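Visitor: I am attaching a structure below and will ask some questions about it afterwards.
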There are 2 protein chains.
Amino acid sequence: MEIVKGRSINLALSCRGREALKHVGLEDEVLKTAIPMRARMIHDLDGTCHPIPYGKSDQFINSVDRRLLNEVLLTAAEKNPQVTCHFNHKLLKCDFNTGELTFLTKEGKEVKNKVDLIVGNDGAFSAIRRQMMKDTLLDYNQEYIPHGYMELTIPATPSNDFAMGVNYLHIWPRNEFMMIALPNLDKSYTLTLFMPFENFNQIKTEDDVMDFFRRMFPDSIPLIGEKFLKEIYQSSKALPMVSIKCSPYHVKDKVVIMGDAAHAMVPFYGQGMNCGFEDCIVLNDMLDKHSDDLELALKAYTEHRNPDAKAIVDLAMYNYVEMRKSVNSKMFLLRKKIDNMLHWIFPNSWVPLYTMVSFSRERYHLCIAKRQQQDKVLSSFIQVGVVSLMVGGFLLVRRLNQTTDIVTNLQGRIQSLLDRLHL
Amino acid sequence: MEIVKGRSINLALSCRGREALKHVGLEDEVLKTAIPMRARMIHDLDGTCHPIPYGKSDQFINSVDRRLLNEVLLTAAEKNPQVTCHFNHKLLKCDFNTGELTFLTKEGKEVKNKVDLIVGNDGAFSAIRRQMMKDTLLDYNQEYIPHGYMELTIPATPSNDFAMGVNYLHIWPRNEFMMIALPNLDKSYTLTLFMPFENFNQIKTEDDVMDFFRRMFPDSIPLIGEKFLKEIYQSSKALPMVSIKCSPYHVKDKVVIMGDAAHAMVPFYGQGMNCGFEDCIVLNDMLDKHSDDLELALKAYTEHRNPDAKAIVDLAMYNYVEMRKSVNSKMFLLRKKIDNMLHWIFPNSWVPLYTMVSFSRERYHLCIAKRQQQDKVLSSFIQVGVVSLMVGGFLLVRRLNQTTDIVTNLQGRIQSLLDRLHL
């Protein structure tokens with residue numbers, strides 16, 4: 001199989017993706033070749049490492065190989081007698097009235113085909129979506145972030161072992177930069193360096209590379225190997241990342257777009273593939289609900305899925321800051337601890353955001369709503385603390401001065417002001 | 001000249017557009033055929049009308065005919081020996097490295113041309129911008145609003161006069177719907193009906209048309225004429241409106257997009273053309289500033305113009321609500337009166353938002369910033385009022401009860417709480 005340059009080598013499979021694979025009986029087969037990652041392993045600048053678990057002991061994400069995953073899915077599809085695969089057909093145009101598609105084959109021949117339903121799972125630069133933008137009133141937003149990404153490698157050790165603890169997603173958070181590493185079956189790690197393009201552009205010579213790594217990721221140098229690091233960095237290219245939202249996802253009963261074609265996201269929540277796979281469950285549910293009436297089902301699919309996809313695109317953008325920056329902050333770590341403690345006390349009613357997103361099928365937009373609710377509750381706790389302190393102070397003052405009703409009166413006013421402050 | 005269906009027949013020319021025309025010596029010629037509109041004329045449901053002036057007596061906007069304006073501009077361009085016009089050439093593709101453009105002529109012939117600089121003034125559905133989206137990292141946002149627009153007409157009266165007061169932009173604000181009328185040189189009015197598409201779709205028969213107009217715009221029926229209203233409505237089509245933002249506007253020293261290609265906006269601030277014309281002044285300034293170094297000038301153009309264009313696109317979207325809804329609100333009219341009063345007292349330092357946008361060349365993003373500053377000042381006035389009231393109350397209580405320092409102490413606390421409240 002051809003390896004497509006510029007696509008990530010491994011992906012993080014979690015609950016939503018697993019559920020979708022289970023629906024088609026492939027979960028076990030995919031998990032057989034997956035490597036569980038139970039925690040983030042934070043690499044500080046001085047080389048010390050500390051893990052931040054993803055959740056409880058049975059909650060982990062899985063490093064899966066994109067090529068292996070593709071093979072499992074394609075093999076299963078080809079076994080289905082209703083499926084015919086045509087490779088190397090580039091879509092030139094399609095007609096949403098007749099359902100006619102025009103492709104260009106590798107040999108330069110134009111091929112036409114007429115279908116009942118066009119399902120556009122053709123990625124962030126979707127040709128189907130481009131046609132929708134031409135022919136229909138599609139709301140559309142694309143945003144490139146200032147960071148690019150570059151894939152590097154930590155090879156297996158000479159004794160053919162993993163160079164670092166294996167069941168982790170390793171993170172080197174450096175505020176404006178970040179490097180992550182996911183384990184592969186061949187005991188190598190795929191490293192991904194995220195950095196503003198302007199910084200990539202400043203690193204020109206082999207000395208620049210070494211200087212940068214010595215300053216930013218010194219503990220990674222012996223693991224990659226100095227010679228290999230110079231080689232692989234100089235032969236690699238920083239690639240852009242784009243965030244895409246649009247609406248609607250369908251046109252009449254003729255076309256629907258799914259996955260990255262409908263909602264490309266930056267990779268910082270590890271939900272791109274999981275969300276795309278979950279799309280299939282949702283579309284399936286809508287087809288069932290509307291007894292395969294395509295027009296109703298596609299409309300319902302857009303209405304149901306759009307707020308969720310927009311929510312995870314936003315969350316991924318938010319995590320773009322969290323992963324490289326916030327994990328370095330004491331407040332962030334304290335909040336994680338409070339969240340985990342409350343989750344331990346109220347396992348069903350207080351679920352941390354990351355857990356909802358990665359280890360449940362809670363609708364994405366509800367994950368955000370619930371997190372906002374949690375933030376409010378925590379603020380109220382703080383408010384109650386502050387008010388108790390003030391009321392206590394007043395009572396003390398009152399005893400000391402034996403003052404009259406005015407104090408009580410003013411206490412009421414302060415209380416009402418505090419209420420309005422939402423402290 | 002061919003009339004392009006779906007484009008508005010008249011446009012509202014104000015300060016920025018006039019300034020740009022003045023730069024090329026065409027302001028007077030265009031104004032000769034323009035009809036000044038000094039106020040909005042609000043038509044209430046019961047037929048009563050009341051004007052809301054746009055500004056001071058010398059501040060008015062101008063209804064200009066799109067066809068006449070085009071003719072003036074083209075005639076002037078053709079007089080310039082450096083300009084050659086080619087009509088009916090559809091851009092198929094362009095190459096931002098070589099500057100080569102490929103066009104398709106009306107006769108179906110492919111024509112190529114190589115240029116130093118491509119200036120894409122090719123409208124909201126810009127082919128140049130589409131090529132930029134393919135070849136570069138363009139941030140892009142397009143949003144269709146739920147309303148469509150339909151152009152109707154109020155003809156001149158049988159005695160060949162205007163059917164309504166002429167120096168007004170007539171508005172029938174109906175919250176969810178809105179109709180406006182701009183005067184034409186032939187003493188007709190171009191009516192534009194703005195309404196959600198779903199409402200347009202509900203009006204099917206001639207009876208539906210009449211029923212709708214009787215309920216919503218009864219005073220307009222005798223002006224349009226019942227028979228003509230039925231005819232023109234049934235033969236017209238509701239058209240969509242799109243709002244577009246993108247960034248950057250240029251690629252290296254090879255291409256720049258301007259006007260609707262760079263920042264299409266909904267028509268509710270009357271700034272689409274004015275903003276596009278002002279683009280030309282800004283680009284000219286940047287070329288002067290950078291001594292015609294294209295790479296520097298285009299970069300500076302994007303950096304300078306992008307925040308302003310985004311601001312006016314947002315303002316136009318905001319006015320989409322204001323024009324059809326807020327003008328019906330007492331608070332809105334009170335605010336307009338306070339604004340005008342303060343503008344009268346402080347003519348230079350307190351300029352109402354509409355005045356800044358339509359009657360000055362204040363940068364659009366500063367118009368928004370200054371308005372926010374004004375809102376803060378007004379809030380502070382209210383705050384001072386509330387605090388004075390409370391302090392007065394306390395002093396009264398204090399005299400009545402002869403209480404001690406505690407009151408002063410608590411007053412200080414309340415004051416600081418009020419400060420945090422930003423009342």
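Residue names in the structure tokens use chain letters A, B, ... in the order shown, residue numbers from 1 in each chain, and ligand numbers from 1 in the order shown.
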Quick one: residues within 10 Å of Met37 of chain B, only C-alpha atoms, excluding same-chain residues fewer than 3 positions away - as a list in words?
Guide: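 Residues meeting the cut-off are Ala12, Leu13, Ala34, Arg40, Met41, Pro53, Tyr54, Gln59, Phe60, Ile61, Asn62, Ser63, Gly165, Val166, Asn167, Tyr168, Leu169, His170, Leu182 and Pro183 of chain B.
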Visitor: Quick one: which residues from chain A are at most 6 Å off chain B, using only C-alpha atoms, as a list in words?
Guide: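 The selection requested is Asp139, Tyr140, Asn141, Gln142, Glu143 and Tyr144 of chain A.
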Visitor: What would the file look like if the residues just selected were written as a CSV table (one decimal), in the first residue's frame with all heavy atoms?
Guide:
chain,number,residue,atom,x,y,z
A,139,ASP,N,-22.8,27.4,4.6
A,139,ASP,CA,-22.0,28.2,5.5
A,139,ASP,C,-20.7,27.4,5.7
A,139,ASP,O,-20.7,26.2,5.9
A,139,ASP,CB,-22.7,28.3,6.9
A,139,ASP,CG,-23.8,29.3,6.8
A,139,ASP,OD1,-23.9,30.0,5.8
A,139,ASP,OD2,-24.7,29.3,7.7
A,140,TYR,N,-19.6,28.2,5.7
A,140,TYR,CA,-18.3,27.5,5.7
A,140,TYR,C,-17.2,28.3,6.4
A,140,TYR,O,-17.2,29.5,6.2
A,140,TYR,CB,-17.9,27.2,4.2
A,140,TYR,CG,-16.5,26.6,4.1
A,140,TYR,CD1,-16.4,25.2,4.4
A,140,TYR,CD2,-15.4,27.3,3.8
A,140,TYR,CE1,-15.1,24.6,4.3
A,140,TYR,CE2,-14.1,26.7,3.7
A,140,TYR,CZ,-14.0,25.4,4.0
A,140,TYR,OH,-12.8,24.8,3.9
A,141,ASN,N,-16.4,27.7,7.2
A,141,ASN,CA,-15.3,28.3,7.9
A,141,ASN,C,-14.1,27.5,7.9
A,141,ASN,O,-14.1,26.3,8.3
A,141,ASN,CB,-15.7,28.7,9.3
A,141,ASN,CG,-14.7,29.5,10.0
A,141,ASN,OD1,-14.5,30.7,9.7
A,141,ASN,ND2,-13.9,28.9,10.9
A,142,GLN,N,-13.0,28.0,7.4
A,142,GLN,CA,-11.7,27.3,7.5
A,142,GLN,C,-10.7,28.3,8.1
A,142,GLN,O,-10.6,29.5,7.8
A,142,GLN,CB,-11.2,26.8,6.2
A,142,GLN,CG,-10.6,27.8,5.2
A,142,GLN,CD,-10.1,27.1,3.9
A,142,GLN,OE1,-10.6,26.1,3.4
A,142,GLN,NE2,-9.1,27.7,3.3
A,143,GLU,N,-9.9,27.7,9.0
A,143,GLU,CA,-8.9,28.5,9.7
A,143,GLU,C,-7.6,27.8,9.9
A,143,GLU,O,-7.6,26.7,10.4
A,143,GLU,CB,-9.5,28.9,11.1
A,143,GLU,CG,-8.6,29.9,11.9
A,143,GLU,CD,-9.1,30.1,13.3
A,143,GLU,OE1,-10.3,29.7,13.6
A,143,GLU,OE2,-8.3,30.6,14.1
A,144,TYR,N,-6.5,28.3,9.3
A,144,TYR,CA,-5.2,27.7,9.5
A,144,TYR,C,-4.6,28.2,10.8
A,144,TYR,O,-4.7,29.4,11.1
A,144,TYR,CB,-4.3,28.0,8.4
A,144,TYR,CG,-4.6,27.2,7.1
A,144,TYR,CD1,-5.5,27.7,6.2
A,144,TYR,CD2,-4.1,26.0,6.9
A,144,TYR,CE1,-5.9,27.0,5.0
A,144,TYR,CE2,-4.4,25.2,5.8
A,144,TYR,CZ,-5.3,25.7,4.9
A,144,TYR,OH,-5.6,25.0,3.8
Visitor: Neighbours of segment 262-266 of chain B within 9 Å (only C-alpha atoms; same-chain residues fewer than 5 positions away dropped), as a ChimeraX atom specification?
Guide: /B:120-121,123-124,126,129,142,145,241-249,256-257,271-272,275-276,306,309-310,312-314,316-317,320
Visitor: So that I can see what lies close to Glu206 of chain B, please list as a PyMOL selection string the residues with an atom at most 10 Å from it, counting only C-alpha atoms and leaving out residues fewer than 2 positions away in the same chain.
Guide: chain B and resi 203-204+208-212+226-227+229-231+233-234
Visitor: Write out as an mmCIF file with N, CA, C and O atoms, in the first residue's frame each polymer residue whose atoms come within 12 Å of His343 of chain A, counting only C-alpha atoms; drop sequence neighbours fewer than 2 positions from it.
Guide:
data_model
loop_
_atom_site.group_PDB
_atom_site.id
_atom_site.type_symbol
_atom_site.label_atom_id
_atom_site.label_comp_id
_atom_site.auth_asym_id
_atom_site.auth_seq_id
_atom_site.Cartn_x
_atom_site.Cartn_y
_atom_site.Cartn_z
ATOM 1 N N GLY A 55 -7.447 8.943 33.061
ATOM 2 C CA GLY A 55 -8.677 8.706 33.802
ATOM 3 C C GLY A 55 -8.421 7.609 34.807
ATOM 4 O O GLY A 55 -7.305 7.489 35.329
ATOM 5 N N LYS A 56 -9.454 6.796 35.058
ATOM 6 C CA LYS A 56 -9.270 5.665 35.962
ATOM 7 C C LYS A 56 -8.419 4.591 35.273
ATOM 8 O O LYS A 56 -8.118 4.698 34.074
ATOM 9 N N ARG A 335 -6.846 22.064 39.249
ATOM 10 C CA ARG A 335 -8.199 21.849 38.747
ATOM 11 C C ARG A 335 -8.396 20.381 38.369
ATOM 12 O O ARG A 335 -9.427 19.786 38.650
ATOM 13 N N LYS A 336 -7.368 19.792 37.713
ATOM 14 C CA LYS A 336 -7.444 18.372 37.342
ATOM 15 C C LYS A 336 -7.634 17.522 38.591
ATOM 16 O O LYS A 336 -8.413 16.573 38.610
ATOM 17 N N LYS A 337 -6.908 17.896 39.689
ATOM 18 C CA LYS A 337 -7.015 17.117 40.931
ATOM 19 C C LYS A 337 -8.398 17.249 41.551
ATOM 20 O O LYS A 337 -8.982 16.268 42.002
ATOM 21 N N ILE A 338 -8.911 18.484 41.578
ATOM 22 C CA ILE A 338 -10.256 18.709 42.126
ATOM 23 C C ILE A 338 -11.273 17.916 41.293
ATOM 24 O O ILE A 338 -12.143 17.222 41.834
ATOM 25 N N ASP A 339 -11.131 18.007 39.966
ATOM 26 C CA ASP A 339 -12.030 17.277 39.065
ATOM 27 C C ASP A 339 -12.007 15.779 39.370
ATOM 28 O O ASP A 339 -13.054 15.142 39.494
ATOM 29 N N ASN A 340 -10.797 15.227 39.498
ATOM 30 C CA ASN A 340 -10.679 13.787 39.720
ATOM 31 C C ASN A 340 -11.259 13.385 41.072
ATOM 32 O O ASN A 340 -11.911 12.352 41.190
ATOM 33 N N MET A 341 -11.041 14.253 42.086
ATOM 34 C CA MET A 341 -11.573 13.961 43.414
ATOM 35 C C MET A 341 -13.102 13.949 43.362
ATOM 36 O O MET A 341 -13.748 13.021 43.846
ATOM 37 N N ILE A 345 -15.866 10.982 44.071
ATOM 38 C CA ILE A 345 -16.993 11.062 45.021
ATOM 39 C C ILE A 345 -18.329 10.899 44.296
ATOM 40 O O ILE A 345 -19.219 10.202 44.748
ATOM 41 N N PHE A 346 -18.480 11.584 43.154
ATOM 42 C CA PHE A 346 -19.734 11.522 42.371
ATOM 43 C C PHE A 346 -19.439 10.945 40.992
ATOM 44 O O PHE A 346 -19.407 11.678 40.000
ATOM 45 N N PRO A 347 -19.215 9.632 40.915
ATOM 46 C CA PRO A 347 -18.724 9.058 39.650
ATOM 47 C C PRO A 347 -19.644 9.317 38.453
ATOM 48 O O PRO A 347 -19.176 9.389 37.325
ATOM 49 N N ASN A 348 -20.959 9.470 38.690
ATOM 50 C CA ASN A 348 -21.859 9.641 37.546
ATOM 51 C C ASN A 348 -22.197 11.100 37.256
ATOM 52 O O ASN A 348 -22.418 11.467 36.111
ATOM 53 N N SER A 349 -22.220 11.921 38.306
ATOM 54 C CA SER A 349 -22.692 13.285 38.063
ATOM 55 C C SER A 349 -21.549 14.278 37.883
ATOM 56 O O SER A 349 -21.768 15.386 37.423
ATOM 57 N N TRP A 350 -20.324 13.909 38.253
ATOM 58 C CA TRP A 350 -19.198 14.828 38.038
ATOM 59 C C TRP A 350 -18.140 14.110 37.206
ATOM 60 O O TRP A 350 -17.294 13.399 37.733
ATOM 61 N N VAL A 351 -18.221 14.270 35.898
ATOM 62 C CA VAL A 351 -17.278 13.602 35.003
ATOM 63 C C VAL A 351 -16.375 14.667 34.378
ATOM 64 O O VAL A 351 -16.870 15.616 33.772
ATOM 65 N N PRO A 352 -15.044 14.552 34.548
ATOM 66 C CA PRO A 352 -14.157 15.561 33.960
ATOM 67 C C PRO A 352 -14.330 15.642 32.440
ATOM 68 O O PRO A 352 -14.680 14.646 31.792
ATOM 69 N N LEU A 353 -14.078 16.820 31.893
ATOM 70 C CA LEU A 353 -14.278 17.065 30.462
ATOM 71 C C LEU A 353 -13.552 16.034 29.597
ATOM 72 O O LEU A 353 -14.142 15.433 28.696
ATOM 73 N N TYR A 354 -12.259 15.806 29.885
ATOM 74 C CA TYR A 354 -11.493 14.883 29.043
ATOM 75 C C TYR A 354 -12.115 13.490 29.053
ATOM 76 O O TYR A 354 -12.169 12.803 28.027
ATOM 77 N N THR A 355 -12.597 13.093 30.238
ATOM 78 C CA THR A 355 -13.217 11.768 30.367
ATOM 79 C C THR A 355 -14.496 11.688 29.538
ATOM 80 O O THR A 355 -14.730 10.705 28.828
ATOM 81 N N MET A 356 -15.322 12.736 29.610
ATOM 82 C CA MET A 356 -16.558 12.747 28.808
ATOM 83 C C MET A 356 -16.244 12.622 27.326
ATOM 84 O O MET A 356 -16.890 11.867 26.596
ATOM 85 N N GLN A 374 -20.064 22.689 35.598
ATOM 86 C CA GLN A 374 -19.093 22.372 36.645
ATOM 87 C C GLN A 374 -18.330 23.621 37.079
ATOM 88 O O GLN A 374 -18.109 23.852 38.263
#
Visitor: DSSP on the backbone, alpha helix (DSSP H) only: what residues of segment 172-313 of chain B does that give? Format it as a ChimeraX atom specification.
Guide: /B:197-202,206-216,221-224,226-235,260-263,272-289,294-313
Visitor: Could you write out the selected residues, including C-alpha atoms, as a PDB file, in the first residue's frame?
Guide:
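This went into result-v3.pdb:
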ATOM      1  CA  PHE B 197     -36.543  32.312   2.891  1.00  0.00           C
ATOM      2  CA  GLU B 198     -39.085  30.168   4.665  1.00  0.00           C
ATOM      3  CA  ASN B 199     -41.513  33.098   4.633  1.00  0.00           C
ATOM      4  CA  PHE B 200     -40.870  33.765   0.956  1.00  0.00           C
ATOM      5  CA  ASN B 201     -41.610  30.103   0.318  1.00  0.00           C
ATOM      6  CA  GLN B 202     -44.979  30.353   2.069  1.00  0.00           C
ATOM      7  CA  GLU B 206     -51.373  36.152  -5.866  1.00  0.00           C
ATOM      8  CA  ASP B 207     -53.787  36.063  -2.936  1.00  0.00           C
ATOM      9  CA  ASP B 208     -50.902  35.147  -0.615  1.00  0.00           C
ATOM     10  CA  VAL B 209     -48.986  38.176  -1.904  1.00  0.00           C
ATOM     11  CA  MET B 210     -51.852  40.556  -1.321  1.00  0.00           C
ATOM     12  CA  ASP B 211     -52.677  39.054   2.042  1.00  0.00           C
ATOM     13  CA  PHE B 212     -49.063  39.404   3.167  1.00  0.00           C
ATOM     14  CA  PHE B 213     -48.750  43.021   1.977  1.00  0.00           C
ATOM     15  CA  ARG B 214     -52.107  43.958   3.513  1.00  0.00           C
ATOM     16  CA  ARG B 215     -50.968  42.601   6.860  1.00  0.00           C
ATOM     17  CA  MET B 216     -47.403  43.912   6.780  1.00  0.00           C
ATOM     18  CA  ILE B 221     -50.022  48.801  -1.781  1.00  0.00           C
ATOM     19  CA  PRO B 222     -51.588  51.915  -3.365  1.00  0.00           C
ATOM     20  CA  LEU B 223     -48.076  53.174  -4.137  1.00  0.00           C
ATOM     21  CA  ILE B 224     -47.024  49.997  -5.927  1.00  0.00           C
ATOM     22  CA  GLU B 226     -52.234  46.033  -6.659  1.00  0.00           C
ATOM     23  CA  LYS B 227     -52.061  44.609 -10.170  1.00  0.00           C
ATOM     24  CA  PHE B 228     -48.404  45.519 -10.617  1.00  0.00           C
ATOM     25  CA  LEU B 229     -47.516  44.176  -7.144  1.00  0.00           C
ATOM     26  CA  LYS B 230     -48.972  40.758  -7.997  1.00  0.00           C
ATOM     27  CA  GLU B 231     -47.164  40.686 -11.332  1.00  0.00           C
ATOM     28  CA  ILE B 232     -43.768  41.855 -10.150  1.00  0.00           C
ATOM     29  CA  TYR B 233     -43.766  39.667  -7.017  1.00  0.00           C
ATOM     30  CA  GLN B 234     -44.683  36.551  -8.938  1.00  0.00           C
ATOM     31  CA  SER B 235     -42.037  37.188 -11.606  1.00  0.00           C
ATOM     32  CA  ASP B 260     -16.445  41.864  -2.263  1.00  0.00           C
ATOM     33  CA  ALA B 261     -13.824  39.278  -3.250  1.00  0.00           C
ATOM     34  CA  ALA B 262     -12.070  40.043   0.052  1.00  0.00           C
ATOM     35  CA  HIS B 263     -14.979  41.061   2.294  1.00  0.00           C
ATOM     36  CA  GLY B 272     -20.334  47.340   0.570  1.00  0.00           C
ATOM     37  CA  MET B 273     -19.445  49.657  -2.314  1.00  0.00           C
ATOM     38  CA  ASN B 274     -18.068  52.396  -0.060  1.00  0.00           C
ATOM     39  CA  CYS B 275     -15.710  49.943   1.625  1.00  0.00           C
ATOM     40  CA  GLY B 276     -14.614  48.502  -1.714  1.00  0.00           C
ATOM     41  CA  PHE B 277     -13.896  51.959  -3.098  1.00  0.00           C
ATOM     42  CA  GLU B 278     -11.991  52.879   0.083  1.00  0.00           C
ATOM     43  CA  ASP B 279      -9.854  49.736  -0.467  1.00  0.00           C
ATOM     44  CA  CYS B 280      -8.420  51.529  -3.503  1.00  0.00           C
ATOM     45  CA  ILE B 281      -7.358  54.546  -1.427  1.00  0.00           C
ATOM     46  CA  VAL B 282      -5.717  52.257   1.132  1.00  0.00           C
ATOM     47  CA  LEU B 283      -3.852  50.210  -1.496  1.00  0.00           C
ATOM     48  CA  ASN B 284      -2.733  53.439  -3.150  1.00  0.00           C
ATOM     49  CA  ASP B 285      -1.473  54.749   0.206  1.00  0.00           C
ATOM     50  CA  MET B 286       0.449  51.518   0.831  1.00  0.00           C
ATOM     51  CA  LEU B 287       2.059  51.634  -2.624  1.00  0.00           C
ATOM     52  CA  ASP B 288       3.142  55.228  -1.950  1.00  0.00           C
ATOM     53  CA  LYS B 289       4.399  54.378   1.531  1.00  0.00           C
ATOM     54  CA  LEU B 294       4.760  45.322  -4.408  1.00  0.00           C
ATOM     55  CA  GLU B 295       5.748  42.662  -1.880  1.00  0.00           C
ATOM     56  CA  LEU B 296       5.934  45.159   1.001  1.00  0.00           C
ATOM     57  CA  ALA B 297       2.912  47.152  -0.134  1.00  0.00           C
ATOM     58  CA  LEU B 298       0.607  44.134  -0.508  1.00  0.00           C
ATOM     59  CA  LYS B 299       1.683  42.754   2.882  1.00  0.00           C
ATOM     60  CA  ALA B 300       1.055  46.159   4.470  1.00  0.00           C
ATOM     61  CA  TYR B 301      -2.297  46.358   2.669  1.00  0.00           C
ATOM     62  CA  THR B 302      -3.467  43.048   4.177  1.00  0.00           C
ATOM     63  CA  GLU B 303      -2.265  44.006   7.644  1.00  0.00           C
ATOM     64  CA  HIS B 304      -3.873  47.440   7.540  1.00  0.00           C
ATOM     65  CA  ARG B 305      -7.120  46.597   5.790  1.00  0.00           C
ATOM     66  CA  ASN B 306      -7.990  43.214   7.287  1.00  0.00           C
ATOM     67  CA  PRO B 307      -9.120  44.392  10.756  1.00  0.00           C
ATOM     68  CA  ASP B 308     -11.139  47.198   9.156  1.00  0.00           C
ATOM     69  CA  ALA B 309     -12.865  44.994   6.609  1.00  0.00           C
ATOM     70  CA  LYS B 310     -13.697  42.404   9.273  1.00  0.00           C
ATOM     71  CA  ALA B 311     -15.118  45.197  11.435  1.00  0.00           C
ATOM     72  CA  ILE B 312     -17.475  46.512   8.745  1.00  0.00           C
ATOM     73  CA  VAL B 313     -18.582  42.966   7.837  1.00  0.00           C
TER      74      VAL B 313
END
Visitor: Considering only C-alpha atoms, return as a PyMOL selection string whatever protein or nucleic-acid residues lie within 8 Å of Gly47 of chain B, sequence-local ones (same chain, fewer than 4 positions apart) excluded.
Guide: chain B and resi 43+218-219
Visitor: Save out the residues we just selected, all heavy atoms, as a PDB file, in the first residue's frame.
Guide:
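And here's selection.pdb as it stands now:
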ATOM      1  N   HIS B  43     -41.795  53.772   8.234  1.00  0.00           N
ATOM      2  CA  HIS B  43     -43.219  53.568   7.973  1.00  0.00           C
ATOM      3  C   HIS B  43     -43.777  52.582   8.996  1.00  0.00           C
ATOM      4  O   HIS B  43     -43.438  51.409   8.956  1.00  0.00           O
ATOM      5  CB  HIS B  43     -43.436  52.992   6.565  1.00  0.00           C
ATOM      6  CG  HIS B  43     -43.099  53.945   5.464  1.00  0.00           C
ATOM      7  ND1 HIS B  43     -44.025  54.391   4.562  1.00  0.00           N
ATOM      8  CD2 HIS B  43     -41.933  54.552   5.119  1.00  0.00           C
ATOM      9  CE1 HIS B  43     -43.440  55.218   3.704  1.00  0.00           C
ATOM     10  NE2 HIS B  43     -42.163  55.325   4.020  1.00  0.00           N
ATOM     11  N   PRO B 218     -49.349  47.711   4.483  1.00  0.00           N
ATOM     12  CA  PRO B 218     -50.573  48.167   3.808  1.00  0.00           C
ATOM     13  C   PRO B 218     -50.393  49.499   3.072  1.00  0.00           C
ATOM     14  O   PRO B 218     -50.933  49.667   1.975  1.00  0.00           O
ATOM     15  CB  PRO B 218     -51.592  48.293   4.954  1.00  0.00           C
ATOM     16  CG  PRO B 218     -50.788  48.322   6.209  1.00  0.00           C
ATOM     17  CD  PRO B 218     -49.547  47.547   5.932  1.00  0.00           C
ATOM     18  N   ASP B 219     -49.604  50.417   3.656  1.00  0.00           N
ATOM     19  CA  ASP B 219     -49.496  51.737   3.014  1.00  0.00           C
ATOM     20  C   ASP B 219     -48.725  51.684   1.697  1.00  0.00           C
ATOM     21  O   ASP B 219     -48.780  52.623   0.907  1.00  0.00           O
ATOM     22  CB  ASP B 219     -48.870  52.771   3.961  1.00  0.00           C
ATOM     23  CG  ASP B 219     -47.420  52.440   4.299  1.00  0.00           C
ATOM     24  OD1 ASP B 219     -47.062  51.235   4.255  1.00  0.00           O
ATOM     25  OD2 ASP B 219     -46.642  53.357   4.599  1.00  0.00           O
TER      26      ASP B 219
END
Visitor: Out of segment 195-321 of chain B, which residues get strand (DSSP E or B) from DSSP, as a list in words?
Guide: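 Residues of segment 195-321 of chain B classed as strand (DSSP E or B): Met195, Pro196, Leu239, Pro240, Met241, Val242, Ser243, Ile244, Lys245, Cys246, Ser247, His250, Val251, Val255, Val256 and Ile257 of chain B.
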Visitor: For a test of reading the model, state the distance in Å between atom CA of Val30 of chain B and atom CA of Ile52 of chain B, rounded to one decimal.
Guide: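 Atom-to-atom, atom CA of Val30 of chain B and atom CA of Ile52 of chain B are spaced 25.7 Å apart.
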Visitor: Just to confirm, what's the straight-line distance from atom CA of Lys32 of chain B to atom CA of Pro158 of chain B in Å (one decimal)?
Guide: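 That distance, rounded to one decimal, is 25.5 Å.
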Visitor: By how many Å are atom CA of Leu69 of chain A and atom CA of Leu152 of chain A apart?
Guide: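 These two atoms are separated by 20.8 Å.
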